[in-house]
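Colleague: Pasting final_15.pdb below, which is PDB, N, CA and C atoms and all ligand atoms.
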ATOM      1  N   MET P   1      -6.054  25.437 -46.746  1.00  0.00           N
ATOM      2  CA  MET P   1      -5.793  24.436 -45.708  1.00  0.00           C
ATOM      3  C   MET P   1      -7.084  23.667 -45.401  1.00  0.00           C
ATOM      4  N   ASN P   2      -6.995  22.390 -45.507  1.00  0.00           N
ATOM      5  CA  ASN P   2      -8.178  21.568 -45.273  1.00  0.00           C
ATOM      6  C   ASN P   2      -8.132  20.989 -43.855  1.00  0.00           C
ATOM      7  N   THR P   3      -8.949  21.522 -43.004  1.00  0.00           N
ATOM      8  CA  THR P   3      -8.912  21.087 -41.607  1.00  0.00           C
ATOM      9  C   THR P   3      -9.395  19.659 -41.438  1.00  0.00           C
ATOM     10  N   THR P   4     -10.292  19.233 -42.331  1.00  0.00           N
ATOM     11  CA  THR P   4     -10.838  17.882 -42.208  1.00  0.00           C
ATOM     12  C   THR P   4      -9.738  16.844 -42.393  1.00  0.00           C
ATOM     13  N   VAL P   5      -8.844  17.102 -43.360  1.00  0.00           N
ATOM     14  CA  VAL P   5      -7.744  16.171 -43.599  1.00  0.00           C
ATOM     15  C   VAL P   5      -6.825  16.134 -42.392  1.00  0.00           C
ATOM     16  N   ILE P   6      -6.551  17.307 -41.829  1.00  0.00           N
ATOM     17  CA  ILE P   6      -5.676  17.368 -40.652  1.00  0.00           C
ATOM     18  C   ILE P   6      -6.316  16.640 -39.474  1.00  0.00           C
ATOM     19  N   GLU P   7      -7.595  16.844 -39.283  1.00  0.00           N
ATOM     20  CA  GLU P   7      -8.280  16.168 -38.181  1.00  0.00           C
ATOM     21  C   GLU P   7      -8.270  14.656 -38.370  1.00  0.00           C
ATOM     22  N   ALA P   8      -8.466  14.217 -39.582  1.00  0.00           N
ATOM     23  CA  ALA P   8      -8.447  12.782 -39.859  1.00  0.00           C
ATOM     24  C   ALA P   8      -7.067  12.212 -39.582  1.00  0.00           C
ATOM     25  N   GLU P   9      -6.045  12.983 -39.955  1.00  0.00           N
ATOM     26  CA  GLU P   9      -4.669  12.541 -39.711  1.00  0.00           C
ATOM     27  C   GLU P   9      -4.391  12.470 -38.213  1.00  0.00           C
ATOM     28  N   GLU P  10      -4.876  13.454 -37.485  1.00  0.00           N
ATOM     29  CA  GLU P  10      -4.693  13.469 -36.031  1.00  0.00           C
ATOM     30  C   GLU P  10      -5.414  12.292 -35.381  1.00  0.00           C
ATOM     31  N   LEU P  11      -6.616  12.022 -35.875  1.00  0.00           N
ATOM     32  CA  LEU P  11      -7.380  10.893 -35.340  1.00  0.00           C
ATOM     33  C   LEU P  11      -6.661   9.577 -35.587  1.00  0.00           C
ATOM     34  N   ARG P  12      -6.100   9.451 -36.794  1.00  0.00           N
ATOM     35  CA  ARG P  12      -5.388   8.228 -37.142  1.00  0.00           C
ATOM     36  C   ARG P  12      -4.179   8.051 -36.228  1.00  0.00           C
ATOM     37  N   HIS P  13      -3.469   9.163 -36.030  1.00  0.00           N
ATOM     38  CA  HIS P  13      -2.284   9.129 -35.179  1.00  0.00           C
ATOM     39  C   HIS P  13      -2.662   8.798 -33.733  1.00  0.00           C
ATOM     40  N   MET P  14      -3.763   9.403 -33.278  1.00  0.00           N
ATOM     41  CA  MET P  14      -4.229   9.165 -31.916  1.00  0.00           C
ATOM     42  C   MET P  14      -4.600   7.700 -31.723  1.00  0.00           C
ATOM     43  N   ARG P  15      -5.273   7.148 -32.755  1.00  0.00           N
ATOM     44  CA  ARG P  15      -5.713   5.763 -32.666  1.00  0.00           C
ATOM     45  C   ARG P  15      -4.511   4.822 -32.595  1.00  0.00           C
ATOM     46  N   GLU P  16      -3.474   5.150 -33.369  1.00  0.00           N
ATOM     47  CA  GLU P  16      -2.266   4.319 -33.345  1.00  0.00           C
ATOM     48  C   GLU P  16      -1.622   4.371 -31.968  1.00  0.00           C
ATOM     49  N   THR P  17      -1.545   5.572 -31.390  1.00  0.00           N
ATOM     50  CA  THR P  17      -0.942   5.727 -30.071  1.00  0.00           C
ATOM     51  C   THR P  17      -1.717   4.960 -29.022  1.00  0.00           C
ATOM     52  N   VAL P  18      -3.037   5.057 -29.091  1.00  0.00           N
ATOM     53  CA  VAL P  18      -3.884   4.379 -28.102  1.00  0.00           C
ATOM     54  C   VAL P  18      -3.733   2.874 -28.211  1.00  0.00           C
ATOM     55  N   SER P  19      -3.772   2.350 -29.443  1.00  0.00           N
ATOM     56  CA  SER P  19      -3.695   0.899 -29.603  1.00  0.00           C
ATOM     57  C   SER P  19      -2.333   0.382 -29.162  1.00  0.00           C
ATOM     58  N   ARG P  20      -1.282   1.203 -29.373  1.00  0.00           N
ATOM     59  CA  ARG P  20       0.046   0.776 -28.941  1.00  0.00           C
ATOM     60  C   ARG P  20       0.099   0.723 -27.417  1.00  0.00           C
ATOM     61  N   THR P  21      -0.507   1.730 -26.780  1.00  0.00           N
ATOM     62  CA  THR P  21      -0.520   1.767 -25.322  1.00  0.00           C
ATOM     63  C   THR P  21      -1.351   0.640 -24.757  1.00  0.00           C
ATOM     64  N   VAL P  22      -2.487   0.353 -25.404  1.00  0.00           N
ATOM     65  CA  VAL P  22      -3.368  -0.720 -24.937  1.00  0.00           C
ATOM     66  C   VAL P  22      -2.639  -2.059 -24.982  1.00  0.00           C
ATOM     67  N   ASN P  23      -1.795  -2.239 -25.969  1.00  0.00           N
ATOM     68  CA  ASN P  23      -1.035  -3.480 -26.072  1.00  0.00           C
ATOM     69  C   ASN P  23      -0.086  -3.660 -24.898  1.00  0.00           C
ATOM     70  N   LEU P  24       0.317  -2.544 -24.294  1.00  0.00           N
ATOM     71  CA  LEU P  24       1.236  -2.616 -23.164  1.00  0.00           C
ATOM     72  C   LEU P  24       0.490  -2.877 -21.861  1.00  0.00           C
ATOM     73  N   LEU P  25      -0.829  -2.695 -21.902  1.00  0.00           N
ATOM     74  CA  LEU P  25      -1.605  -2.810 -20.675  1.00  0.00           C
ATOM     75  C   LEU P  25      -1.844  -4.274 -20.324  1.00  0.00           C
ATOM     76  N   GLU P  26      -1.646  -4.566 -19.078  1.00  0.00           N
ATOM     77  CA  GLU P  26      -1.918  -5.906 -18.567  1.00  0.00           C
ATOM     78  C   GLU P  26      -2.559  -5.774 -17.203  1.00  0.00           C
ATOM     79  N   LEU P  27      -3.210  -6.834 -16.769  1.00  0.00           N
ATOM     80  CA  LEU P  27      -3.760  -6.853 -15.420  1.00  0.00           C
ATOM     81  C   LEU P  27      -2.647  -7.236 -14.455  1.00  0.00           C
ATOM     82  N   CYS P  28      -2.341  -6.321 -13.558  1.00  0.00           N
ATOM     83  CA  CYS P  28      -1.273  -6.582 -12.599  1.00  0.00           C
ATOM     84  C   CYS P  28      -1.708  -7.671 -11.632  1.00  0.00           C
ATOM     85  N   TRP P  29      -0.866  -8.655 -11.450  1.00  0.00           N
ATOM     86  CA  TRP P  29      -1.180  -9.774 -10.564  1.00  0.00           C
ATOM     87  C   TRP P  29      -0.993  -9.377  -9.103  1.00  0.00           C
ATOM     88  N   GLY P  30      -0.339  -8.258  -8.901  1.00  0.00           N
ATOM     89  CA  GLY P  30      -0.074  -7.840  -7.527  1.00  0.00           C
ATOM     90  C   GLY P  30      -1.200  -7.023  -6.942  1.00  0.00           C
ATOM     91  N   CYS P  31      -1.710  -6.053  -7.710  1.00  0.00           N
ATOM     92  CA  CYS P  31      -2.710  -5.146  -7.156  1.00  0.00           C
ATOM     93  C   CYS P  31      -3.998  -5.164  -7.961  1.00  0.00           C
ATOM     94  N   ASP P  32      -4.111  -6.059  -8.957  1.00  0.00           N
ATOM     95  CA  ASP P  32      -5.336  -6.223  -9.743  1.00  0.00           C
ATOM     96  C   ASP P  32      -5.736  -4.962 -10.501  1.00  0.00           C
ATOM     97  N   ARG P  33      -4.769  -4.109 -10.800  1.00  0.00           N
ATOM     98  CA  ARG P  33      -5.064  -2.931 -11.588  1.00  0.00           C
ATOM     99  C   ARG P  33      -4.588  -3.169 -13.011  1.00  0.00           C
ATOM    100  N   VAL P  34      -5.291  -2.568 -13.953  1.00  0.00           N
ATOM    101  CA  VAL P  34      -4.862  -2.659 -15.343  1.00  0.00           C
ATOM    102  C   VAL P  34      -3.955  -1.477 -15.631  1.00  0.00           C
ATOM    103  N   CYS P  35      -2.704  -1.781 -15.885  1.00  0.00           N
ATOM    104  CA  CYS P  35      -1.759  -0.708 -16.155  1.00  0.00           C
ATOM    105  C   CYS P  35      -0.597  -1.293 -16.954  1.00  0.00           C
ATOM    106  N   GLU P  36       0.360  -0.439 -17.272  1.00  0.00           N
ATOM    107  CA  GLU P  36       1.534  -0.909 -17.994  1.00  0.00           C
ATOM    108  C   GLU P  36       2.336  -1.812 -17.078  1.00  0.00           C
ATOM    109  N   CYS P  37       2.468  -3.064 -17.492  1.00  0.00           N
ATOM    110  CA  CYS P  37       3.109  -4.048 -16.637  1.00  0.00           C
ATOM    111  C   CYS P  37       4.365  -4.604 -17.311  1.00  0.00           C
ATOM    112  N   GLU P  38       5.212  -5.172 -16.482  1.00  0.00           N
ATOM    113  CA  GLU P  38       6.375  -5.883 -16.982  1.00  0.00           C
ATOM    114  C   GLU P  38       6.254  -7.333 -16.558  1.00  0.00           C
ATOM    115  N   GLN P  39       6.759  -8.192 -17.415  1.00  0.00           N
ATOM    116  CA  GLN P  39       6.671  -9.610 -17.108  1.00  0.00           C
ATOM    117  C   GLN P  39       7.731  -9.976 -16.088  1.00  0.00           C
ATOM    118  N   TRP P  40       7.272 -10.628 -15.046  1.00  0.00           N
ATOM    119  CA  TRP P  40       8.168 -11.054 -13.982  1.00  0.00           C
ATOM    120  C   TRP P  40       8.106 -12.571 -13.917  1.00  0.00           C
ATOM    121  N   VAL P  41       9.239 -13.228 -13.985  1.00  0.00           N
ATOM    122  CA  VAL P  41       9.253 -14.686 -13.943  1.00  0.00           C
ATOM    123  C   VAL P  41       9.531 -15.134 -12.508  1.00  0.00           C
ATOM    124  N   ALA P  42       8.456 -15.621 -11.869  1.00  0.00           N
ATOM    125  CA  ALA P  42       8.580 -16.065 -10.490  1.00  0.00           C
ATOM    126  C   ALA P  42       9.151 -17.465 -10.443  1.00  0.00           C
ATOM    127  N   ASN P  43      10.116 -17.674  -9.574  1.00  0.00           N
ATOM    128  CA  ASN P  43      10.761 -18.982  -9.398  1.00  0.00           C
ATOM    129  C   ASN P  43      11.316 -19.528 -10.712  1.00  0.00           C
ATOM    130  N   GLU P  44      11.648 -18.624 -11.612  1.00  0.00           N
ATOM    131  CA  GLU P  44      12.224 -18.986 -12.905  1.00  0.00           C
ATOM    132  C   GLU P  44      11.332 -19.910 -13.707  1.00  0.00           C
ATOM    133  N   SER P  45      10.017 -19.898 -13.423  1.00  0.00           N
ATOM    134  CA  SER P  45       9.131 -20.793 -14.161  1.00  0.00           C
ATOM    135  C   SER P  45       7.800 -20.154 -14.506  1.00  0.00           C
ATOM    136  N   VAL P  46       7.208 -19.426 -13.575  1.00  0.00           N
ATOM    137  CA  VAL P  46       5.867 -18.897 -13.785  1.00  0.00           C
ATOM    138  C   VAL P  46       5.941 -17.404 -14.140  1.00  0.00           C
ATOM    139  N   PRO P  47       5.585 -17.072 -15.379  1.00  0.00           N
ATOM    140  CA  PRO P  47       5.590 -15.650 -15.747  1.00  0.00           C
ATOM    141  C   PRO P  47       4.324 -14.948 -15.265  1.00  0.00           C
ATOM    142  N   VAL P  48       4.498 -13.858 -14.541  1.00  0.00           N
ATOM    143  CA  VAL P  48       3.361 -13.059 -14.076  1.00  0.00           C
ATOM    144  C   VAL P  48       3.577 -11.618 -14.536  1.00  0.00           C
ATOM    145  N   TRP P  49       2.474 -10.883 -14.541  1.00  0.00           N
ATOM    146  CA  TRP P  49       2.560  -9.481 -14.949  1.00  0.00           C
ATOM    147  C   TRP P  49       2.465  -8.590 -13.724  1.00  0.00           C
ATOM    148  N   LEU P  50       3.410  -7.693 -13.602  1.00  0.00           N
ATOM    149  CA  LEU P  50       3.408  -6.788 -12.464  1.00  0.00           C
ATOM    150  C   LEU P  50       3.646  -5.356 -12.936  1.00  0.00           C
ATOM    151  N   CYS P  51       2.927  -4.422 -12.309  1.00  0.00           N
ATOM    152  CA  CYS P  51       3.162  -3.016 -12.611  1.00  0.00           C
ATOM    153  C   CYS P  51       4.472  -2.583 -11.949  1.00  0.00           C
ATOM    154  N   ILE P  52       4.893  -1.383 -12.260  1.00  0.00           N
ATOM    155  CA  ILE P  52       6.185  -0.916 -11.757  1.00  0.00           C
ATOM    156  C   ILE P  52       6.210  -0.912 -10.232  1.00  0.00           C
ATOM    157  N   GLU P  53       5.091  -0.502  -9.628  1.00  0.00           N
ATOM    158  CA  GLU P  53       5.024  -0.444  -8.160  1.00  0.00           C
ATOM    159  C   GLU P  53       5.202  -1.823  -7.551  1.00  0.00           C
ATOM    160  N   CYS P  54       4.412  -2.792  -8.037  1.00  0.00           N
ATOM    161  CA  CYS P  54       4.474  -4.142  -7.481  1.00  0.00           C
ATOM    162  C   CYS P  54       5.810  -4.790  -7.820  1.00  0.00           C
ATOM    163  N   LEU P  55       6.335  -4.456  -8.982  1.00  0.00           N
ATOM    164  CA  LEU P  55       7.608  -5.035  -9.407  1.00  0.00           C
ATOM    165  C   LEU P  55       8.718  -4.639  -8.443  1.00  0.00           C
ATOM    166  N   SER P  56       8.750  -3.365  -8.083  1.00  0.00           N
ATOM    167  CA  SER P  56       9.790  -2.909  -7.166  1.00  0.00           C
ATOM    168  C   SER P  56       9.549  -3.465  -5.771  1.00  0.00           C
ATOM    169  N   GLU P  57       8.259  -3.626  -5.425  1.00  0.00           N
ATOM    170  CA  GLU P  57       7.938  -4.178  -4.107  1.00  0.00           C
ATOM    171  C   GLU P  57       8.410  -5.626  -4.008  1.00  0.00           C
ATOM    172  N   VAL P  58       8.132  -6.406  -5.069  1.00  0.00           N
ATOM    173  CA  VAL P  58       8.535  -7.809  -5.097  1.00  0.00           C
ATOM    174  C   VAL P  58      10.056  -7.917  -5.096  1.00  0.00           C
ATOM    175  N   ALA P  59      10.697  -7.079  -5.882  1.00  0.00           N
ATOM    176  CA  ALA P  59      12.150  -7.107  -5.954  1.00  0.00           C
ATOM    177  C   ALA P  59      12.749  -6.779  -4.600  1.00  0.00           C
ATOM    178  N   CYS P  60      12.137  -5.815  -3.908  1.00  0.00           N
ATOM    179  CA  CYS P  60      12.612  -5.411  -2.586  1.00  0.00           C
ATOM    180  C   CYS P  60      12.412  -6.545  -1.592  1.00  0.00           C
ATOM    181  N   ARG P  61      11.245  -7.204  -1.695  1.00  0.00           N
ATOM    182  CA  ARG P  61      10.934  -8.293  -0.775  1.00  0.00           C
ATOM    183  C   ARG P  61      11.896  -9.461  -0.979  1.00  0.00           C
ATOM    184  N   LEU P  62      12.176  -9.779  -2.248  1.00  0.00           N
ATOM    185  CA  LEU P  62      13.092 -10.874  -2.551  1.00  0.00           C
ATOM    186  C   LEU P  62      14.487 -10.549  -2.021  1.00  0.00           C
ATOM    187  N   GLU P  63      14.842  -9.274  -2.137  1.00  0.00           N
ATOM    188  CA  GLU P  63      16.165  -8.850  -1.714  1.00  0.00           C
ATOM    189  C   GLU P  63      16.334  -9.047  -0.212  1.00  0.00           C
ATOM    190  N   THR P  64      15.284  -8.648   0.544  1.00  0.00           N
ATOM    191  CA  THR P  64      15.378  -8.730   1.995  1.00  0.00           C
ATOM    192  C   THR P  64      15.234 -10.156   2.489  1.00  0.00           C
ATOM    193  N   SER P  65      14.384 -10.986   1.792  1.00  0.00           N
ATOM    194  CA  SER P  65      14.153 -12.341   2.255  1.00  0.00           C
ATOM    195  C   SER P  65      15.356 -13.243   1.997  1.00  0.00           C
ATOM    196  N   SER P  66      16.081 -12.951   0.921  1.00  0.00           N
ATOM    197  CA  SER P  66      17.228 -13.803   0.602  1.00  0.00           C
ATOM    198  C   SER P  66      18.502 -13.276   1.228  1.00  0.00           C
ATOM    199  N   GLY P  67      18.373 -12.209   2.034  1.00  0.00           N
ATOM    200  CA  GLY P  67      19.529 -11.666   2.722  1.00  0.00           C
ATOM    201  C   GLY P  67      20.422 -10.870   1.796  1.00  0.00           C
ATOM    202  N   PRO P  68      21.418 -10.263   2.377  1.00  0.00           N
ATOM    203  CA  PRO P  68      22.355  -9.465   1.561  1.00  0.00           C
ATOM    204  C   PRO P  68      23.187 -10.369   0.661  1.00  0.00           C
ATOM    205  N   VAL P  69      22.927 -10.272  -0.631  1.00  0.00           N
ATOM    206  CA  VAL P  69      23.600 -11.173  -1.562  1.00  0.00           C
ATOM    207  C   VAL P  69      24.789 -10.474  -2.202  1.00  0.00           C
ATOM    208  N   SER P  70      24.512  -9.272  -2.696  1.00  0.00           N
ATOM    209  CA  SER P  70      25.562  -8.624  -3.480  1.00  0.00           C
ATOM    210  C   SER P  70      25.984  -7.308  -2.848  1.00  0.00           C
ATOM    211  N   LEU P  71      26.105  -7.310  -1.493  1.00  0.00           N
ATOM    212  CA  LEU P  71      26.564  -6.082  -0.859  1.00  0.00           C
ATOM    213  C   LEU P  71      28.069  -5.927  -1.070  1.00  0.00           C
ATOM    214  N   PRO P  72      28.449  -4.784  -1.534  1.00  0.00           N
ATOM    215  CA  PRO P  72      29.891  -4.579  -1.756  1.00  0.00           C
ATOM    216  C   PRO P  72      30.625  -4.493  -0.434  1.00  0.00           C
ATOM    217  N   PRO P  73      31.786  -5.059  -0.326  1.00  0.00           N
ATOM    218  CA  PRO P  73      32.555  -5.012   0.916  1.00  0.00           C
ATOM    219  C   PRO P  73      32.974  -3.597   1.234  1.00  0.00           C
ATOM    220  N   THR P  74      32.829  -3.224   2.480  1.00  0.00           N
ATOM    221  CA  THR P  74      33.190  -1.858   2.876  1.00  0.00           C
ATOM    222  C   THR P  74      34.596  -1.791   3.448  1.00  0.00           C
TER     223      THR P  74
HETATM  224 ZN    ZN F   1       0.548  -3.689  -9.330  1.00  0.00          ZN
END
Write out the structure in this file as structure tokens.
Ligand SMILES: [Zn+2]

Modeller:
Amino acid sequence: MNTTVIEAEELRHMRETVSRTVNLLELCWGCDRVCECEQWVANESVPVWLCIECLSEVACRLETSSGPVSLPPT
């Protein structure tokens, strides 16, 4: 068993994982942190990057500011 080959393979795999994760990283426009972000299109025109926390916060804020839109009838 050649440990050097295994280590090289592990390093290669690790590097691929890291680079894939780095590609997902963006600077969050909400809290200025670099993390995995999702693109949020504000006003259907301006795309911004928001992390999950800010995304849910914005979604919650939009929901409350625009009033109950899709509340099911009770
Ligand atoms: Zn954020």

Colleague: For ligand ZN 1 (chain F), which of P:Glu16, P:Glu9, P:Glu53, P:Glu38 is the closest residue, counting all atoms listed in the file?

Modeller: P:Glu53

Colleague: May I have the residues within 5 Å of ligand ZN 1 (chain F), computed using only N, CA and C atoms and all ligand atoms, as a list in words?

Modeller: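 Answer in the requested format: Cys28, Gly30, Cys31, Cys51 and Cys54 of chain P.
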
Colleague: In segment 1-71 of chain P, what's strand (DSSP E) per DSSP? Answer as a list in words?

Modeller: Leu25, Glu26, Leu27, Val34, Cys35, Glu36, Cys37, Glu38, Gln39, Trp40, Val41, Ala42, Val46, Pro47, Val48, Trp49, Leu50 and Cys51 of chain P

Colleague: What is the distance between atom C of Asn23 of chain P and atom CA of Val41 of chain P, in Å to one decimal?

Modeller: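 If I compute the distance from atom C of Asn23 of chain P to atom CA of Val41 of chain P, I get 18.1 Å.
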
Colleague: With all atoms listed in the file as the atoms that count, which of P:Thr21, P:Ala8, P:Glu26, P:Leu55 lies nearest to Trp40 of chain P?

Modeller: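 Closest residue, counting all atoms listed in the file: P:Leu55.
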
Colleague: With a distance cut-off of 9 Å and only C-alpha atoms, select the neighbouring residues of Leu25 of chain P, excluding the residue or stretch itself and same-chain residues fewer than 4 positions from it, and output the selection as an NGL selection string.

Modeller: :P and (21 or 34-37)

Colleague: Record the distance separating atom CA of Ser45 of chain P and atom CA of Arg33 of chain P, expressed in Å with one decimal.

Modeller: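 Atom CA of Arg33 of chain P lies 23.0 Å from atom CA of Ser45 of chain P.
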
Colleague: Mind the document's chain letters and residue numbers, and return as an MDAnalysis selection string the residues of chain P that DSSP labels helix (DSSP H, G or I).

Modeller: chainID P and resid 3:24 52:65

Colleague: Just to be explicit: take each residue in the selection above, keep N, CA and C atoms, and write the result as a short mmCIF file (atom, residue, chain, number, x, y, z; two decimals), keeping the file's coordinate frame.

Modeller:
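Contents of the output file part.cif:
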data_model
loop_
_atom_site.label_atom_id
_atom_site.label_comp_id
_atom_site.auth_asym_id
_atom_site.auth_seq_id
_atom_site.Cartn_x
_atom_site.Cartn_y
_atom_site.Cartn_z
N THR P 3 -8.95 21.52 -43.00
CA THR P 3 -8.91 21.09 -41.61
C THR P 3 -9.40 19.66 -41.44
N THR P 4 -10.29 19.23 -42.33
CA THR P 4 -10.84 17.88 -42.21
C THR P 4 -9.74 16.84 -42.39
N VAL P 5 -8.84 17.10 -43.36
CA VAL P 5 -7.74 16.17 -43.60
C VAL P 5 -6.82 16.13 -42.39
N ILE P 6 -6.55 17.31 -41.83
CA ILE P 6 -5.68 17.37 -40.65
C ILE P 6 -6.32 16.64 -39.47
N GLU P 7 -7.60 16.84 -39.28
CA GLU P 7 -8.28 16.17 -38.18
C GLU P 7 -8.27 14.66 -38.37
N ALA P 8 -8.47 14.22 -39.58
CA ALA P 8 -8.45 12.78 -39.86
C ALA P 8 -7.07 12.21 -39.58
N GLU P 9 -6.04 12.98 -39.96
CA GLU P 9 -4.67 12.54 -39.71
C GLU P 9 -4.39 12.47 -38.21
N GLU P 10 -4.88 13.45 -37.48
CA GLU P 10 -4.69 13.47 -36.03
C GLU P 10 -5.41 12.29 -35.38
N LEU P 11 -6.62 12.02 -35.88
CA LEU P 11 -7.38 10.89 -35.34
C LEU P 11 -6.66 9.58 -35.59
N ARG P 12 -6.10 9.45 -36.79
CA ARG P 12 -5.39 8.23 -37.14
C ARG P 12 -4.18 8.05 -36.23
N HIS P 13 -3.47 9.16 -36.03
CA HIS P 13 -2.28 9.13 -35.18
C HIS P 13 -2.66 8.80 -33.73
N MET P 14 -3.76 9.40 -33.28
CA MET P 14 -4.23 9.16 -31.92
C MET P 14 -4.60 7.70 -31.72
N ARG P 15 -5.27 7.15 -32.76
CA ARG P 15 -5.71 5.76 -32.67
C ARG P 15 -4.51 4.82 -32.60
N GLU P 16 -3.47 5.15 -33.37
CA GLU P 16 -2.27 4.32 -33.34
C GLU P 16 -1.62 4.37 -31.97
N THR P 17 -1.54 5.57 -31.39
CA THR P 17 -0.94 5.73 -30.07
C THR P 17 -1.72 4.96 -29.02
N VAL P 18 -3.04 5.06 -29.09
CA VAL P 18 -3.88 4.38 -28.10
C VAL P 18 -3.73 2.87 -28.21
N SER P 19 -3.77 2.35 -29.44
CA SER P 19 -3.70 0.90 -29.60
C SER P 19 -2.33 0.38 -29.16
N ARG P 20 -1.28 1.20 -29.37
CA ARG P 20 0.05 0.78 -28.94
C ARG P 20 0.10 0.72 -27.42
N THR P 21 -0.51 1.73 -26.78
CA THR P 21 -0.52 1.77 -25.32
C THR P 21 -1.35 0.64 -24.76
N VAL P 22 -2.49 0.35 -25.40
CA VAL P 22 -3.37 -0.72 -24.94
C VAL P 22 -2.64 -2.06 -24.98
N ASN P 23 -1.80 -2.24 -25.97
CA ASN P 23 -1.03 -3.48 -26.07
C ASN P 23 -0.09 -3.66 -24.90
N LEU P 24 0.32 -2.54 -24.29
CA LEU P 24 1.24 -2.62 -23.16
C LEU P 24 0.49 -2.88 -21.86
N ILE P 52 4.89 -1.38 -12.26
CA ILE P 52 6.18 -0.92 -11.76
C ILE P 52 6.21 -0.91 -10.23
N GLU P 53 5.09 -0.50 -9.63
CA GLU P 53 5.02 -0.44 -8.16
C GLU P 53 5.20 -1.82 -7.55
N CYS P 54 4.41 -2.79 -8.04
CA CYS P 54 4.47 -4.14 -7.48
C CYS P 54 5.81 -4.79 -7.82
N LEU P 55 6.34 -4.46 -8.98
CA LEU P 55 7.61 -5.04 -9.41
C LEU P 55 8.72 -4.64 -8.44
N SER P 56 8.75 -3.36 -8.08
CA SER P 56 9.79 -2.91 -7.17
C SER P 56 9.55 -3.46 -5.77
N GLU P 57 8.26 -3.63 -5.42
CA GLU P 57 7.94 -4.18 -4.11
C GLU P 57 8.41 -5.63 -4.01
N VAL P 58 8.13 -6.41 -5.07
CA VAL P 58 8.54 -7.81 -5.10
C VAL P 58 10.06 -7.92 -5.10
N ALA P 59 10.70 -7.08 -5.88
CA ALA P 59 12.15 -7.11 -5.95
C ALA P 59 12.75 -6.78 -4.60
N CYS P 60 12.14 -5.82 -3.91
CA CYS P 60 12.61 -5.41 -2.59
C CYS P 60 12.41 -6.54 -1.59
N ARG P 61 11.24 -7.20 -1.70
CA ARG P 61 10.93 -8.29 -0.78
C ARG P 61 11.90 -9.46 -0.98
N LEU P 62 12.18 -9.78 -2.25
CA LEU P 62 13.09 -10.87 -2.55
C LEU P 62 14.49 -10.55 -2.02
N GLU P 63 14.84 -9.27 -2.14
CA GLU P 63 16.16 -8.85 -1.71
C GLU P 63 16.33 -9.05 -0.21
N THR P 64 15.28 -8.65 0.54
CA THR P 64 15.38 -8.73 2.00
C THR P 64 15.23 -10.16 2.49
N SER P 65 14.38 -10.99 1.79
CA SER P 65 14.15 -12.34 2.26
C SER P 65 15.36 -13.24 2.00
#

Colleague: Enter the distance from atom CA of Arg20 of chain P to atom N of Gln39 of chain P, in Å, rounded to one decimal.

Modeller: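 Rounded to one decimal, the two atoms are 16.1 Å apart.
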
Colleague: Taking all atoms of segment 25-43 of chain P that appear in the file, build a box with edges along x, y and z, extend it by 8 Å on every side, and state its centre and edge lengths in Å to one decimal, as JSON.

Modeller:
{"center_x": 2.8, "center_y": -10.0, "center_z": -14.4, "size_x": 33.1, "size_y": 35.1, "size_z": 31.0}
